[in-house]
file run-v7.txt (compact mmCIF, C-alpha atoms)
# COMPACT_ATOMS: atom_id res chain seq x y z
CA MET A 1 115.56 68.08 132.09
CA LEU A 2 112.56 69.35 130.14
CA LYS A 3 112.07 67.81 126.73
CA TYR A 4 110.37 69.75 123.95
CA GLY A 5 108.65 68.10 121.03
CA MET A 6 106.44 69.04 118.14
CA LYS A 7 103.48 69.83 120.44
CA ASP A 8 105.55 72.48 122.18
CA VAL A 9 106.62 74.00 118.86
CA VAL A 10 103.00 74.10 117.69
CA TYR A 11 101.94 75.68 120.98
CA LEU A 12 104.63 78.36 120.63
CA VAL A 13 103.45 79.12 117.08
CA PHE A 14 99.91 79.36 118.44
CA LEU A 15 101.04 81.86 121.11
CA TRP A 16 102.65 84.05 118.47
CA CYS A 17 99.58 83.83 116.22
CA PHE A 18 97.39 84.80 119.17
CA PHE A 19 99.72 87.70 119.98
CA GLY A 20 99.59 88.91 116.38
CA PHE A 21 95.81 88.50 116.20
CA VAL A 22 95.20 90.51 119.38
CA HIS A 23 97.66 93.16 118.25
CA SER A 24 96.03 93.51 114.83
CA ILE A 25 92.54 93.66 116.30
CA MET A 26 93.41 96.27 118.90
CA ILE A 27 95.16 98.62 116.49
CA SER A 28 92.38 98.32 113.92
CA HIS A 29 90.73 101.64 113.11
CA PHE A 30 87.42 99.79 112.73
CA ILE A 31 87.65 98.32 116.24
CA LYS A 32 88.57 101.71 117.67
CA GLU A 33 85.48 103.26 116.07
CA ILE A 34 83.30 100.56 117.63
CA LEU A 35 84.96 101.14 121.00
CA ILE A 36 84.30 104.88 120.80
CA LYS A 37 80.60 104.22 120.23
CA PHE A 38 80.36 102.19 123.45
CA THR A 39 82.84 103.94 125.74
CA GLY A 40 83.11 107.45 124.33
CA LYS A 41 86.02 109.31 122.77
CA ALA A 42 87.67 110.10 126.12
CA PHE A 43 88.43 106.45 126.89
CA GLU A 44 90.02 105.89 123.49
CA THR A 45 92.03 109.12 123.75
CA TYR A 46 93.40 108.77 127.26
CA PHE A 47 93.38 105.07 128.22
CA TYR A 48 93.33 102.88 125.10
CA ARG A 49 97.05 102.95 124.36
CA ILE A 50 98.22 102.03 127.85
CA ILE A 51 95.66 99.19 128.08
CA TYR A 52 96.74 97.96 124.64
CA ASN A 53 100.40 98.01 125.75
CA LEU A 54 99.64 96.15 128.99
CA ILE A 55 97.64 93.44 127.21
CA SER A 56 100.44 93.02 124.64
CA LEU A 57 103.00 92.80 127.45
CA VAL A 58 101.07 90.09 129.31
CA ILE A 59 100.72 87.95 126.19
CA TYR A 60 104.38 88.41 125.22
CA LEU A 61 105.56 87.54 128.74
CA ASN A 62 103.75 84.20 128.34
CA ILE A 63 105.81 83.59 125.21
CA VAL A 64 109.05 84.57 126.97
CA CYS A 65 108.35 82.32 129.96
CA PHE A 66 107.52 79.36 127.73
CA VAL A 67 110.69 79.73 125.64
CA LYS A 68 112.85 80.43 128.68
CA GLY A 69 111.88 77.04 130.12
CA SER A 70 113.89 75.28 127.41
CA THR A 71 116.94 73.51 128.83
CA GLU A 72 118.17 72.28 125.46
CA THR A 73 119.93 75.57 124.67
CA PHE A 74 123.51 75.47 123.38
CA LEU A 75 125.97 78.14 122.31
CA LEU A 76 127.36 78.56 118.83
CA PRO A 77 131.06 77.74 118.38
CA ASN A 78 133.74 80.40 118.08
CA PRO A 79 134.01 82.72 116.21
CA LEU A 80 130.30 82.59 115.31
CA ILE A 81 129.27 83.41 118.86
CA TYR A 82 131.16 86.73 118.68
CA ILE A 83 129.82 87.59 115.23
CA PHE A 84 126.24 86.85 116.28
CA THR A 85 126.64 88.79 119.53
CA ILE A 86 127.98 91.88 117.74
CA ILE A 87 125.14 91.82 115.18
CA SER A 88 122.55 91.27 117.93
CA LEU A 89 123.90 94.19 119.98
CA THR A 90 123.95 96.35 116.85
CA GLY A 91 120.29 95.53 116.29
CA PHE A 92 119.50 96.44 119.89
CA LEU A 93 121.25 99.79 119.44
CA ILE A 94 119.35 100.51 116.22
CA ALA A 95 116.01 99.73 117.90
CA VAL A 96 116.77 101.88 120.96
CA ILE A 97 117.91 104.89 118.91
CA ALA A 98 114.83 104.67 116.68
CA PHE A 99 112.55 104.24 119.70
CA PHE A 100 113.86 107.40 121.33
CA GLN A 101 113.20 109.34 118.14
CA THR A 102 109.54 109.00 119.15
CA ASP A 103 107.72 110.48 122.11
CA VAL A 104 108.38 107.55 124.46
CA LEU A 105 105.83 108.49 127.14
CA GLU A 106 103.17 108.97 124.47
CA PHE A 107 104.03 105.63 122.90
CA LEU A 108 103.71 103.85 126.25
CA GLY A 109 100.40 105.57 126.97
CA ILE A 110 101.63 107.25 130.16
CA ARG A 111 101.36 110.79 128.86
CA GLN A 112 97.74 110.30 127.80
CA VAL A 113 96.74 109.11 131.28
CA TRP A 114 98.63 112.05 132.79
CA ARG A 115 96.70 114.44 130.56
CA PHE A 116 93.40 112.96 131.70
CA PHE A 117 94.12 113.52 135.38
CA THR A 118 95.68 116.94 134.82
CA LYS A 119 92.91 118.00 132.42
CA GLY A 120 95.30 118.41 129.53
CA LYS A 121 92.95 118.51 126.56
CA ARG A 122 95.09 117.29 123.71
CA GLU A 123 94.35 114.59 121.18
CA SER A 124 96.30 111.36 121.42
CA LYS A 125 98.95 110.95 118.75
CA GLU A 126 98.07 108.42 116.11
CA LEU A 127 101.26 106.47 115.50
CA PHE A 128 104.22 105.50 117.65
CA GLY A 129 103.99 108.61 119.79
CA TYR A 130 104.48 111.25 117.13
CA ASP A 131 102.22 113.44 115.05
CA LYS A 132 104.70 114.09 112.25
CA LEU A 133 106.39 111.86 109.74
CA VAL A 134 109.92 111.27 111.01
CA VAL A 135 112.38 110.87 108.15
CA ASN A 136 115.71 111.64 109.83
CA GLY A 137 118.02 109.61 112.04
CA MET A 138 117.47 105.88 111.69
CA PHE A 139 114.35 106.54 109.61
CA ARG A 140 116.58 107.83 106.79
CA PHE A 141 117.83 104.30 106.11
CA VAL A 142 114.71 102.16 106.51
CA ARG A 143 111.03 102.90 107.14
CA HIS A 144 110.88 100.53 110.12
CA PRO A 145 114.21 100.77 111.99
CA MET A 146 112.75 99.52 115.28
CA TYR A 147 111.46 96.38 113.58
CA LEU A 148 114.80 95.91 111.82
CA GLY A 149 116.72 96.26 115.08
CA VAL A 150 114.49 93.87 117.00
CA SER A 151 114.69 91.34 114.13
CA LEU A 152 118.49 91.40 114.32
CA VAL A 153 118.32 90.83 118.08
CA PHE A 154 116.09 87.79 117.58
CA LEU A 155 117.87 86.29 114.59
CA PHE A 156 121.43 86.64 115.90
CA ASN A 157 120.97 85.63 119.51
CA PRO A 158 123.84 83.14 119.97
CA PHE A 159 121.78 80.88 122.27
CA ILE A 160 120.16 78.16 120.15
CA SER A 161 117.43 75.59 120.80
CA THR A 162 114.42 74.19 118.97
CA LEU A 163 112.12 76.59 120.79
CA THR A 164 114.36 79.64 120.40
CA LEU A 165 114.65 79.00 116.66
CA THR A 166 110.86 78.69 116.39
CA ASP A 167 110.49 81.81 118.51
CA ARG A 168 112.81 83.79 116.22
CA VAL A 169 111.09 82.73 113.02
CA CYS A 170 107.67 83.61 114.48
CA ALA A 171 108.89 86.95 115.83
CA VAL A 172 110.48 88.06 112.57
CA CYS A 173 107.45 86.93 110.55
CA TYR A 174 105.24 88.89 112.94
CA LEU A 175 107.40 92.01 112.55
CA ILE A 176 107.49 91.79 108.75
CA ILE A 177 103.72 91.26 108.51
CA GLY A 178 103.25 94.08 111.02
CA THR A 179 104.95 96.55 108.71
CA PHE A 180 102.17 96.11 106.14
CA PHE A 181 99.45 96.86 108.69
CA GLU A 182 101.40 99.80 110.04
CA GLU A 183 101.97 101.30 106.62
CA LYS A 184 98.24 101.29 105.93
CA ARG A 185 97.78 103.45 109.01
CA MET A 186 100.73 105.63 108.03
CA LEU A 187 99.18 106.27 104.62
CA ARG A 188 95.84 107.08 106.23
CA VAL A 189 97.44 109.55 108.64
CA PHE A 190 100.20 111.12 106.51
CA GLY A 191 98.84 110.66 102.97
CA ALA A 192 101.01 111.97 100.14
CA GLY A 193 103.93 112.69 102.47
CA TYR A 194 104.27 109.03 103.31
CA LYS A 195 103.93 107.98 99.66
CA ILE A 196 106.96 110.13 98.81
CA TYR A 197 108.84 108.72 101.79
CA LYS A 198 108.06 105.14 100.64
CA GLU A 199 109.57 105.85 97.23
CA ASP A 200 112.83 107.11 98.75
CA VAL A 201 113.40 104.74 101.67
CA PRO A 202 113.35 100.90 101.79
CA ARG A 203 110.86 99.11 104.04
CA PHE A 204 113.17 96.85 106.04
CA LEU A 205 116.65 96.44 104.56
CA PRO A 206 118.91 99.50 104.04
CA TYR A 207 119.92 98.77 100.46
CA LYS A 208 119.58 102.39 99.30
CA PHE A 209 121.95 105.19 100.25
CA PRO A 210 120.04 108.13 101.80
CA GLN A 211 119.57 110.83 99.19
CA SER A 212 118.65 113.75 101.43
CA PRO A 213 120.56 113.75 104.73
CA GLY A 214 119.39 117.24 105.61
CA ARG A 215 115.73 116.52 105.13
CA LYS A 216 113.52 117.54 108.07
CA ASP A 217 110.49 115.89 109.59
CA ILE A 218 107.28 116.38 107.61
CA SER A 219 104.50 117.79 109.77
CA VAL A 220 100.87 116.89 109.12

call {"tool": "encode", "arguments": {"input": "run-v7.txt", "output": "structure tokens"}}
result
Amino acid sequence: MLKYGMKDVVYLVFLWCFFGFVHSIMISHFIKEILIKFTGKAFETYFYRIIYNLISLVIYLNIVCFVKGSTETFLLPNPLIYIFTIISLTGFLIAVIAFFQTDVLEFLGIRQVWRFFTKGKRESKELFGYDKLVVNGMFRFVRHPMYLGVSLVFLFNPFISTLTLTDRVCAVCYLIIGTFFEEKRMLRVFGAGYKIYKEDVPRFLPYKFPQSPGRKDISV
């Protein structure tokens, strides 16, 4: 049986900090501008997103493999296990629905690569695979429904261990901090439209009832 001590917890925190650092650096507008100077606009437009996603995936898989090695996991007692499972599945559903409100292929970077090889001359979308401010569906309730859904999946996973608890705290902290970086980009891209949206819709927790259910997406 593998035993996990404080060194393993610290190492897991380090992995999450490294993941967050790389993520923040790679999505930085400043870094992108530097990259364009050295590689040209075409590389940033057609290949940057898919490379960014692949690098993020590799780092995150290291986290998953490290946590998965824990053999100290135990299940919560009844009925908590059912309550946690229902909430976790609800979070997964929220994240999936919100994700498919975006252009999935654009978000993954596949569409940009396809455009390059098929000579489709179209600018890459700036945020999460869409070029308009989405305010319907899950985005009516919170500004970051994908982050909310993923947080629920992490927090209410009924399998518990020292490493999984550390993993959950790090993941949720990363997601919450990530919303601040993302909103800076949203304000830069959408301007006044996003300021209005921020006033009407909560960041993370749906404590306000949607005031305009028929409201359409705001194009920019």

call {"tool": "closest_residue", "arguments": {"input": "run-v7.txt", "among": "A:Ile55, A:Met186, A:Ile110, A:Ala98", "to": "Met26 in chain A", "atoms": "all atoms listed in the file"}}
result
A:Ile55

call {"tool": "closest_residue", "arguments": {"input": "run-v7.txt", "among": "A:Val64, A:Val22, A:Lys184, A:Ile50", "to": "Arg168 in chain A", "atoms": "all atoms listed in the file"}}
result
A:Val64

call {"tool": "atom_distance", "arguments": {"input": "run-v7.txt", "atom1": "CA of Ser24 in chain A", "atom2": "CA of Pro202 in chain A"}}
result
22.9 Å

call {"tool": "closest_residue", "arguments": {"input": "run-v7.txt", "among": "A:Ile31, A:Ile59, A:Leu75, A:Ile25", "to": "Ser161 in chain A", "atoms": "all atoms listed in the file"}}
result
A:Leu75

call {"tool": "residues_around", "arguments": {"input": "run-v7.txt", "residues": "Leu152 in chain A", "least_positions_apart": "4", "cutoff": "9 Å", "atoms": "all atoms listed in the file", "output": "NGL selection string"}}
result
:A and (87-92 or 147-148 or 156-157 or 172)

call {"tool": "atom_distance", "arguments": {"input": "run-v7.txt", "atom1": "CA of Tyr52 in chain A", "atom2": "CA of Val189 in chain A"}}
result
19.8 Å

call {"tool": "closest_residue", "arguments": {"input": "run-v7.txt", "among": "A:Val96, A:Glu106, A:Gly178, A:Phe84", "to": "Phe154 in chain A", "atoms": "all atoms listed in the file"}}
result
A:Phe84

call {"tool": "closest_residue", "arguments": {"input": "run-v7.txt", "among": "A:Lys132, A:Lys7, A:Arg49, A:Arg140", "to": "Leu108 in chain A", "atoms": "all atoms listed in the file"}}
result
A:Arg49

call {"tool": "closest_residue", "arguments": {"input": "run-v7.txt", "among": "A:Leu163, A:Val13, A:Leu205, A:Ala171", "to": "Lys68 in chain A", "atoms": "all atoms listed in the file"}}
result
A:Leu163

call {"tool": "atom_distance", "arguments": {"input": "run-v7.txt", "atom1": "CA of Asp103 in chain A", "atom2": "CA of Ile51 in chain A"}}
result
17.6 Å

call {"tool": "residues_around", "arguments": {"input": "run-v7.txt", "residues": "Pro206 in chain A", "least_positions_apart": "5", "cutoff": "8 Å", "atoms": "all atoms listed in the file", "output": "list of chain:residue names"}}
result
A:Phe141, A:Val142, A:Val201
